[in-house]
Amino acid sequence: MRLHVGCAMWTHARWRGRFLPGHLDQGDRLRAYASWCDAVEGNTTFYATPSRAAVESWAAQTDPGFRFVIKLPKPITHERRLRGAEADVAAFLDVMEPLGPRVHAFWIQLPGSFSPAELGALAAFLRALPGGHRYAVEVRHRAFFEDERSARLLERVLATVSAEWVPFDTTVMFASPPTSDAERDAWTKKPRVPRRTRALTAHPIVRYLGRDDEERTVEGWRPWVETVAEWLREGRSPTVFVHTPDNAEAPRLARRFHDEVRARVPALAPLPEPMPLESPDEPLTLF
């Protein structure tokens with residue numbers, strides 16, 4: 001039984017000197033982040049496929065128990081809309097091969113215009129995917145959340161390959177008007193869909209967006225604390241990603257979420273202690 005928690009990225013300018021040592025080279029930042037959280041969203045792969053050497057570096061900086069949820073590239077999901085992308089998918093999976101068991105799932109995020117009418121394309125795409133991996137799908141068209149028949153059809157398509165449905169819970173973000181520049185930006189870009197808490201597999205994935213105000217973020221995740229605790233009691237191993245509009249406190253908030261779940265499920269192992277901000281090898285001085 002394990003709960004993985006993480007953020008939308010593993011480096012952020014506002015984390016340096018607070019969560020990550022400020023002097024770290026680019027090649028060591030993931031290692032430091034992995035001492036705070038044991039999962040991360042692979043969002044950058046949506047925009048560009050990294051080199052195999054970069055992926056090998058990611059593997060070298062993380063333990064085998066660390067988890068990546070890797071987003072498929074934009075040309076596959078948004079430009080070709082899952083059609084005629086077999087060669088691109090094969091090439092992408094090959095680049096990611098060095099991560100091995102660290103890949104929790106390959107994440108197929110579909111555009112908001114991808115409607116129930118295109119479920120045939122999704123079904124064909126999923127059936128053609130290589131075995132041996134977990135896959136997870138995020139949809140944003142409101143029909144999947146508001147029309148029961150569309151939701152059932154999507155679940156049936158996902159069940160054919162044991163894929164998970166990834167909810168992106170933005171309900172707290174849209175519960176009241178934005179109060180900061182980061183919230184105003186999120187207000188215009190993030191999807192407005194109802195909260196969905198049904199798990200389809202033994203490895204559910206949750207993306208939760210709070211607010212820049214910490215207490216509003218914590219209050220908004222209360223339903224997820226109870227849901228995740230229940231999933232753990234059922235024998236599932238969930239992964240939860242905590243976002244806020246500015247993400248300034250995201251690593252600490254992810255750990256706080258883990259602590260709140262662990263308070264309800266004491267058998268859950270604690271997260272490791274974070275890496276110290278300064279090297280223990282540096283000489284101590286009195287002045």
# chains A, B, ... in the order shown; residues from 1 in each chain; ligands from 1
$ residues_around --residues "Ala60 of chain A" --least-positions-apart "4" --cutoff "9 Å" --atoms "only C-alpha atoms" --output "PDB file with all heavy atoms, in the first residue's frame"
ATOM      1  N   ARG A  31      16.980  15.206  -8.425  1.00  0.00           N
ATOM      2  CA  ARG A  31      17.394  14.424  -7.262  1.00  0.00           C
ATOM      3  C   ARG A  31      16.939  15.106  -5.967  1.00  0.00           C
ATOM      4  O   ARG A  31      16.440  14.471  -5.037  1.00  0.00           O
ATOM      5  CB  ARG A  31      18.911  14.251  -7.257  1.00  0.00           C
ATOM      6  CG  ARG A  31      19.427  13.256  -6.236  1.00  0.00           C
ATOM      7  CD  ARG A  31      20.954  13.283  -6.147  1.00  0.00           C
ATOM      8  NE  ARG A  31      21.616  13.377  -7.439  1.00  0.00           N
ATOM      9  CZ  ARG A  31      21.846  12.347  -8.233  1.00  0.00           C
ATOM     10  NH1 ARG A  31      21.445  11.133  -7.862  1.00  0.00           N
ATOM     11  NH2 ARG A  31      22.446  12.519  -9.390  1.00  0.00           N
ATOM     12  N   VAL A  55      16.683  11.525 -20.489  1.00  0.00           N
ATOM     13  CA  VAL A  55      15.854  10.553 -19.772  1.00  0.00           C
ATOM     14  C   VAL A  55      16.729   9.637 -18.913  1.00  0.00           C
ATOM     15  O   VAL A  55      16.360   9.293 -17.785  1.00  0.00           O
ATOM     16  CB  VAL A  55      15.002   9.746 -20.765  1.00  0.00           C
ATOM     17  CG1 VAL A  55      14.183   8.687 -20.043  1.00  0.00           C
ATOM     18  CG2 VAL A  55      14.079  10.682 -21.548  1.00  0.00           C
ATOM     19  N   GLU A  56      17.894   9.277 -19.412  1.00  0.00           N
ATOM     20  CA  GLU A  56      18.822   8.480 -18.609  1.00  0.00           C
ATOM     21  C   GLU A  56      19.238   9.243 -17.355  1.00  0.00           C
ATOM     22  O   GLU A  56      19.398   8.660 -16.278  1.00  0.00           O
ATOM     23  CB  GLU A  56      20.039   8.107 -19.447  1.00  0.00           C
ATOM     24  CG  GLU A  56      19.727   7.079 -20.531  1.00  0.00           C
ATOM     25  CD  GLU A  56      20.880   6.879 -21.502  1.00  0.00           C
ATOM     26  OE1 GLU A  56      21.831   7.697 -21.485  1.00  0.00           O
ATOM     27  OE2 GLU A  56      20.835   5.898 -22.284  1.00  0.00           O
ATOM     28  N   LEU A  99      13.634   4.916 -18.090  1.00  0.00           N
ATOM     29  CA  LEU A  99      12.944   5.126 -16.803  1.00  0.00           C
ATOM     30  C   LEU A  99      12.441   3.821 -16.207  1.00  0.00           C
ATOM     31  O   LEU A  99      12.239   3.732 -14.993  1.00  0.00           O
ATOM     32  CB  LEU A  99      11.784   6.105 -16.980  1.00  0.00           C
ATOM     33  CG  LEU A  99      12.156   7.548 -17.299  1.00  0.00           C
ATOM     34  CD1 LEU A  99      10.898   8.387 -17.495  1.00  0.00           C
ATOM     35  CD2 LEU A  99      13.023   8.150 -16.196  1.00  0.00           C
TER      36      LEU A  99
END
$ select_by_dssp --residues "segment 186-236 of chain A" --states "strand (DSSP E or B)" --output "JSON, numbers by chain"
{"A": [205, 206, 207, 208, 209]}
$ write_last_selection --atoms "N, CA, C and O atoms" --output "PDB file, in the first residue's frame"
ATOM      1  N   ILE A 205      -5.050   8.157 -10.473  1.00  0.00           N
ATOM      2  CA  ILE A 205      -4.223   9.361 -10.532  1.00  0.00           C
ATOM      3  C   ILE A 205      -5.143  10.567 -10.378  1.00  0.00           C
ATOM      4  O   ILE A 205      -6.176  10.661 -11.054  1.00  0.00           O
ATOM      5  N   VAL A 206      -4.768  11.504  -9.504  1.00  0.00           N
ATOM      6  CA  VAL A 206      -5.568  12.710  -9.266  1.00  0.00           C
ATOM      7  C   VAL A 206      -4.698  13.935  -9.485  1.00  0.00           C
ATOM      8  O   VAL A 206      -3.550  13.989  -9.017  1.00  0.00           O
ATOM      9  N   ARG A 207      -5.231  14.913 -10.194  1.00  0.00           N
ATOM     10  CA  ARG A 207      -4.606  16.227 -10.330  1.00  0.00           C
ATOM     11  C   ARG A 207      -5.528  17.224  -9.633  1.00  0.00           C
ATOM     12  O   ARG A 207      -6.686  17.351  -9.999  1.00  0.00           O
ATOM     13  N   TYR A 208      -4.996  17.895  -8.630  1.00  0.00           N
ATOM     14  CA  TYR A 208      -5.807  18.822  -7.832  1.00  0.00           C
ATOM     15  C   TYR A 208      -5.213  20.223  -7.911  1.00  0.00           C
ATOM     16  O   TYR A 208      -4.026  20.413  -7.667  1.00  0.00           O
ATOM     17  N   LEU A 209      -6.047  21.196  -8.267  1.00  0.00           N
ATOM     18  CA  LEU A 209      -5.635  22.599  -8.336  1.00  0.00           C
ATOM     19  C   LEU A 209      -6.304  23.376  -7.213  1.00  0.00           C
ATOM     20  O   LEU A 209      -7.539  23.467  -7.161  1.00  0.00           O
TER      21      LEU A 209
END
$ atom_distance --atom1 "atom CA of Gly131 of chain A" --atom2 "atom CA of Val161 of chain A"
8.8 Å
$ select_by_dssp --residues "segment 48-239 of chain A" --states "helix (DSSP H, G or I)" --output "PyMOL selection string"
chain A and resi 52-60+74-79+86-102+116-128+143-146+148-159+173-175+181-189+214-220+222-233
$ closest_atom_pairs --of "segment 15-96 of chain A" --to "segment 248-262 of chain A" --cutoff "7 Å" --atoms "only C-alpha atoms" --output "JSON lines"
{"residue": "A:Trp15", "atom": "CA", "partner": "A:Ala248", "partner_atom": "CA", "distance": 6.7}
{"residue": "A:Trp36", "atom": "CA", "partner": "A:Pro251", "partner_atom": "CA", "distance": 6.4}
{"residue": "A:Cys37", "atom": "CA", "partner": "A:Pro251", "partner_atom": "CA", "distance": 6.7}
$ write_last_selection --atoms "N, CA and C atoms" --output "tab-separated table (two decimals), in the first residue's frame"
chain	number	residue	atom	x	y	z
A	15	TRP	N	11.38	27.89	-5.60
A	15	TRP	CA	11.75	26.80	-4.69
A	15	TRP	C	13.22	26.87	-4.28
A	36	TRP	N	11.74	15.44	-1.62
A	36	TRP	CA	10.51	16.04	-1.10
A	36	TRP	C	9.28	15.25	-1.51
A	37	CYS	N	9.23	14.86	-2.78
A	37	CYS	CA	8.07	14.18	-3.33
A	37	CYS	C	8.54	12.92	-4.06
$ residues_around --residues "Gln26 of chain A" --least-positions-apart "2" --cutoff "12 Å" --atoms "only C-alpha atoms" --output "ChimeraX atom specification"
/A:10-12,16,20-24,28-33,54,57-58,61
$ residues_around --residues "Ile70 of chain A" --least-positions-apart "2" --cutoff "9 Å" --atoms "only C-alpha atoms" --output "MDAnalysis selection string"
chainID A and resid 40:46 68 72 96 103:108
$ write_last_selection --atoms "all heavy atoms" --output "compact mmCIF listing (two decimals), in the first residue's frame"
# COMPACT_ATOMS: atom_id res chain seq x y z
N VAL A 40 6.15 12.91 -10.01
CA VAL A 40 6.13 14.18 -10.72
C VAL A 40 5.34 14.01 -12.01
O VAL A 40 5.35 12.93 -12.62
CB VAL A 40 7.55 14.70 -11.01
CG1 VAL A 40 8.24 13.87 -12.09
CG2 VAL A 40 7.55 16.18 -11.39
N GLU A 41 4.66 15.08 -12.42
CA GLU A 41 4.01 15.09 -13.72
C GLU A 41 5.06 15.40 -14.80
O GLU A 41 5.81 16.37 -14.67
CB GLU A 41 2.93 16.17 -13.78
CG GLU A 41 1.71 15.88 -12.92
CD GLU A 41 0.64 16.94 -13.10
OE1 GLU A 41 0.86 17.91 -13.85
OE2 GLU A 41 -0.42 16.80 -12.46
N GLY A 42 5.08 14.61 -15.85
CA GLY A 42 5.99 14.86 -16.96
C GLY A 42 5.33 15.75 -17.99
O GLY A 42 5.02 15.30 -19.10
N ASN A 43 5.13 17.01 -17.65
CA ASN A 43 4.44 17.94 -18.56
C ASN A 43 5.30 18.39 -19.72
O ASN A 43 4.80 18.69 -20.80
CB ASN A 43 3.97 19.16 -17.78
CG ASN A 43 2.69 18.91 -17.01
OD1 ASN A 43 1.64 18.68 -17.59
ND2 ASN A 43 2.78 18.91 -15.68
N THR A 44 6.62 18.46 -19.53
CA THR A 44 7.49 19.01 -20.57
C THR A 44 7.49 18.15 -21.83
O THR A 44 7.72 18.67 -22.93
CB THR A 44 8.93 19.17 -20.06
OG1 THR A 44 9.42 17.89 -19.65
CG2 THR A 44 8.99 20.13 -18.89
N THR A 45 7.22 16.85 -21.68
CA THR A 45 7.23 15.97 -22.85
C THR A 45 6.06 16.26 -23.79
O THR A 45 6.07 15.80 -24.94
CB THR A 45 7.18 14.50 -22.41
OG1 THR A 45 6.03 14.30 -21.56
CG2 THR A 45 8.44 14.13 -21.64
N PHE A 46 5.08 17.01 -23.33
CA PHE A 46 3.97 17.42 -24.20
C PHE A 46 4.47 18.36 -25.29
O PHE A 46 3.98 18.34 -26.42
CB PHE A 46 2.90 18.10 -23.35
CG PHE A 46 1.69 18.60 -24.12
CD1 PHE A 46 0.77 17.70 -24.63
CD2 PHE A 46 1.48 19.96 -24.29
CE1 PHE A 46 -0.35 18.15 -25.32
CE2 PHE A 46 0.37 20.42 -24.97
CZ PHE A 46 -0.56 19.51 -25.49
N PHE A 68 7.01 8.70 -12.39
CA PHE A 68 6.72 9.71 -13.40
C PHE A 68 5.38 9.39 -14.04
O PHE A 68 5.11 8.23 -14.37
CB PHE A 68 7.77 9.70 -14.52
CG PHE A 68 9.14 10.13 -14.12
CD1 PHE A 68 10.02 9.24 -13.51
CD2 PHE A 68 9.58 11.42 -14.38
CE1 PHE A 68 11.31 9.62 -13.16
CE2 PHE A 68 10.87 11.81 -14.04
CZ PHE A 68 11.74 10.91 -13.43
N LEU A 72 2.00 12.27 -23.19
CA LEU A 72 2.32 12.05 -24.60
C LEU A 72 2.44 13.39 -25.32
O LEU A 72 1.76 14.36 -24.98
CB LEU A 72 1.25 11.19 -25.27
CG LEU A 72 1.57 9.69 -25.37
CD1 LEU A 72 1.77 9.07 -24.00
CD2 LEU A 72 0.48 8.96 -26.13
N MET A 96 11.68 6.89 -23.69
CA MET A 96 11.38 6.83 -22.26
C MET A 96 11.81 5.52 -21.61
O MET A 96 11.75 5.38 -20.39
CB MET A 96 9.86 7.00 -22.06
CG MET A 96 9.35 8.36 -22.46
SD MET A 96 10.08 9.68 -21.45
CE MET A 96 10.16 10.99 -22.66
N VAL A 103 8.10 4.79 -14.60
CA VAL A 103 6.94 5.30 -15.34
C VAL A 103 5.69 4.71 -14.71
O VAL A 103 5.38 3.53 -14.89
CB VAL A 103 7.01 4.96 -16.84
CG1 VAL A 103 5.74 5.46 -17.54
CG2 VAL A 103 8.24 5.59 -17.48
N HIS A 104 4.98 5.54 -13.97
CA HIS A 104 3.73 5.09 -13.36
C HIS A 104 2.66 4.88 -14.43
O HIS A 104 1.91 3.91 -14.39
CB HIS A 104 3.25 6.12 -12.34
CG HIS A 104 1.97 5.77 -11.66
ND1 HIS A 104 1.90 4.84 -10.65
CD2 HIS A 104 0.70 6.21 -11.86
CE1 HIS A 104 0.64 4.72 -10.25
NE2 HIS A 104 -0.10 5.55 -10.97
N ALA A 105 2.61 5.81 -15.37
CA ALA A 105 1.65 5.70 -16.48
C ALA A 105 2.05 6.67 -17.58
O ALA A 105 2.66 7.71 -17.31
CB ALA A 105 0.24 6.00 -16.01
N PHE A 106 1.70 6.32 -18.80
CA PHE A 106 1.77 7.27 -19.90
C PHE A 106 0.42 7.97 -19.99
O PHE A 106 -0.63 7.32 -20.04
CB PHE A 106 2.14 6.56 -21.20
CG PHE A 106 3.58 6.15 -21.25
CD1 PHE A 106 3.95 4.82 -21.05
CD2 PHE A 106 4.58 7.09 -21.45
CE1 PHE A 106 5.29 4.44 -21.07
CE2 PHE A 106 5.92 6.72 -21.48
CZ PHE A 106 6.27 5.40 -21.28
N TRP A 107 0.48 9.28 -19.99
CA TRP A 107 -0.69 10.14 -19.78
C TRP A 107 -1.13 10.74 -21.11
O TRP A 107 -0.39 11.45 -21.77
CB TRP A 107 -0.27 11.20 -18.77
CG TRP A 107 -1.10 12.38 -18.52
CD1 TRP A 107 -2.43 12.56 -18.73
CD2 TRP A 107 -0.61 13.59 -17.92
NE1 TRP A 107 -2.81 13.82 -18.32
CE2 TRP A 107 -1.72 14.46 -17.83
CE3 TRP A 107 0.64 14.01 -17.47
CZ2 TRP A 107 -1.59 15.75 -17.29
CZ3 TRP A 107 0.75 15.28 -16.94
CH2 TRP A 107 -0.35 16.13 -16.86
N ILE A 108 -2.36 10.41 -21.48
CA ILE A 108 -2.93 10.87 -22.75
C ILE A 108 -3.92 11.98 -22.41
O ILE A 108 -5.07 11.75 -22.05
CB ILE A 108 -3.65 9.70 -23.47
CG1 ILE A 108 -2.66 8.54 -23.69
CG2 ILE A 108 -4.26 10.17 -24.79
CD1 ILE A 108 -3.34 7.20 -23.89
$ residues_around --residues "segment 174-186 of chain A" --least-positions-apart "6" --cutoff "9 Å" --atoms "only C-alpha atoms" --output "VMD selection string"
chain A and resid 192 211 to 212 244 to 246
$ write_last_selection --atoms "all heavy atoms" --output "compact mmCIF listing (two decimals), in the first residue's frame"
# COMPACT_ATOMS: atom_id res chain seq x y z
N ARG A 192 -12.90 23.95 -16.79
CA ARG A 192 -13.96 24.02 -15.76
C ARG A 192 -14.83 22.78 -15.92
O ARG A 192 -15.73 22.75 -16.77
CB ARG A 192 -14.81 25.28 -15.94
CG ARG A 192 -14.04 26.57 -15.83
CD ARG A 192 -15.00 27.74 -15.74
NE ARG A 192 -14.32 29.01 -15.79
CZ ARG A 192 -14.81 30.16 -15.33
NH1 ARG A 192 -16.02 30.16 -14.79
NH2 ARG A 192 -14.13 31.28 -15.42
N ARG A 211 -5.71 27.04 -4.55
CA ARG A 211 -5.60 28.49 -4.71
C ARG A 211 -4.24 28.93 -4.18
O ARG A 211 -3.52 28.16 -3.55
CB ARG A 211 -6.72 29.19 -3.93
CG ARG A 211 -8.13 28.78 -4.31
CD ARG A 211 -8.49 29.21 -5.71
NE ARG A 211 -8.61 30.64 -5.86
CZ ARG A 211 -9.78 31.30 -5.93
NH1 ARG A 211 -10.92 30.63 -5.87
NH2 ARG A 211 -9.81 32.61 -6.08
N ASP A 212 -3.90 30.19 -4.38
CA ASP A 212 -2.66 30.70 -3.82
C ASP A 212 -2.74 30.83 -2.30
O ASP A 212 -1.72 30.83 -1.63
CB ASP A 212 -2.30 32.04 -4.45
CG ASP A 212 -1.79 31.88 -5.88
OD1 ASP A 212 -1.32 30.78 -6.22
OD2 ASP A 212 -1.87 32.84 -6.66
N THR A 244 -1.01 24.62 -7.31
CA THR A 244 -1.65 25.89 -7.01
C THR A 244 -1.34 26.81 -8.18
O THR A 244 -0.44 26.51 -8.99
CB THR A 244 -1.12 26.52 -5.70
OG1 THR A 244 0.27 26.82 -5.84
CG2 THR A 244 -1.33 25.58 -4.52
N PRO A 245 -2.05 27.91 -8.33
CA PRO A 245 -1.77 28.78 -9.49
C PRO A 245 -0.31 29.22 -9.59
O PRO A 245 0.24 29.25 -10.69
CB PRO A 245 -2.72 29.95 -9.27
CG PRO A 245 -3.89 29.32 -8.55
CD PRO A 245 -3.27 28.32 -7.61
N ASP A 246 0.34 29.57 -8.45
CA ASP A 246 1.73 29.99 -8.54
C ASP A 246 2.71 28.87 -8.21
O ASP A 246 3.91 29.00 -8.45
CB ASP A 246 2.00 31.21 -7.65
CG ASP A 246 1.80 30.94 -6.16
OD1 ASP A 246 1.66 29.76 -5.75
OD2 ASP A 246 1.79 31.93 -5.39
$ atom_distance --atom1 "atom CA of Pro116 of chain A" --atom2 "atom CA of Pro73 of chain A"
21.5 Å
$ residues_around --residues "segment 222-238 of chain A" --least-positions-apart "2" --cutoff "6 Å" --atoms "only C-alpha atoms" --output "count of residues only"
10
$ atom_distance --atom1 "atom CA of Leu158 of chain A" --atom2 "atom CA of Lys74 of chain A"
20.3 Å
$ closest_residue --among "A:Pro167, A:Gly210, A:Pro111, A:Pro98" --to "Pro194 of chain A" --atoms "only C-alpha atoms"
A:Pro167
$ residues_around --residues "Arg152 of chain A" --least-positions-apart "5" --cutoff "12 Å" --atoms "only C-alpha atoms" --output "MDAnalysis selection string"
chainID A and resid 116 119 143:147 157:159 165 198 200
$ closest_residue --among "A:Thr160, A:Thr217, A:Thr170, A:Ser113" --to "His141 of chain A" --atoms "only C-alpha atoms"
A:Ser113
$ closest_residue --among "A:Tyr135, A:Arg142, A:Val166, A:Ser115" --to "Phe241 of chain A" --atoms "only C-alpha atoms"
A:Val166
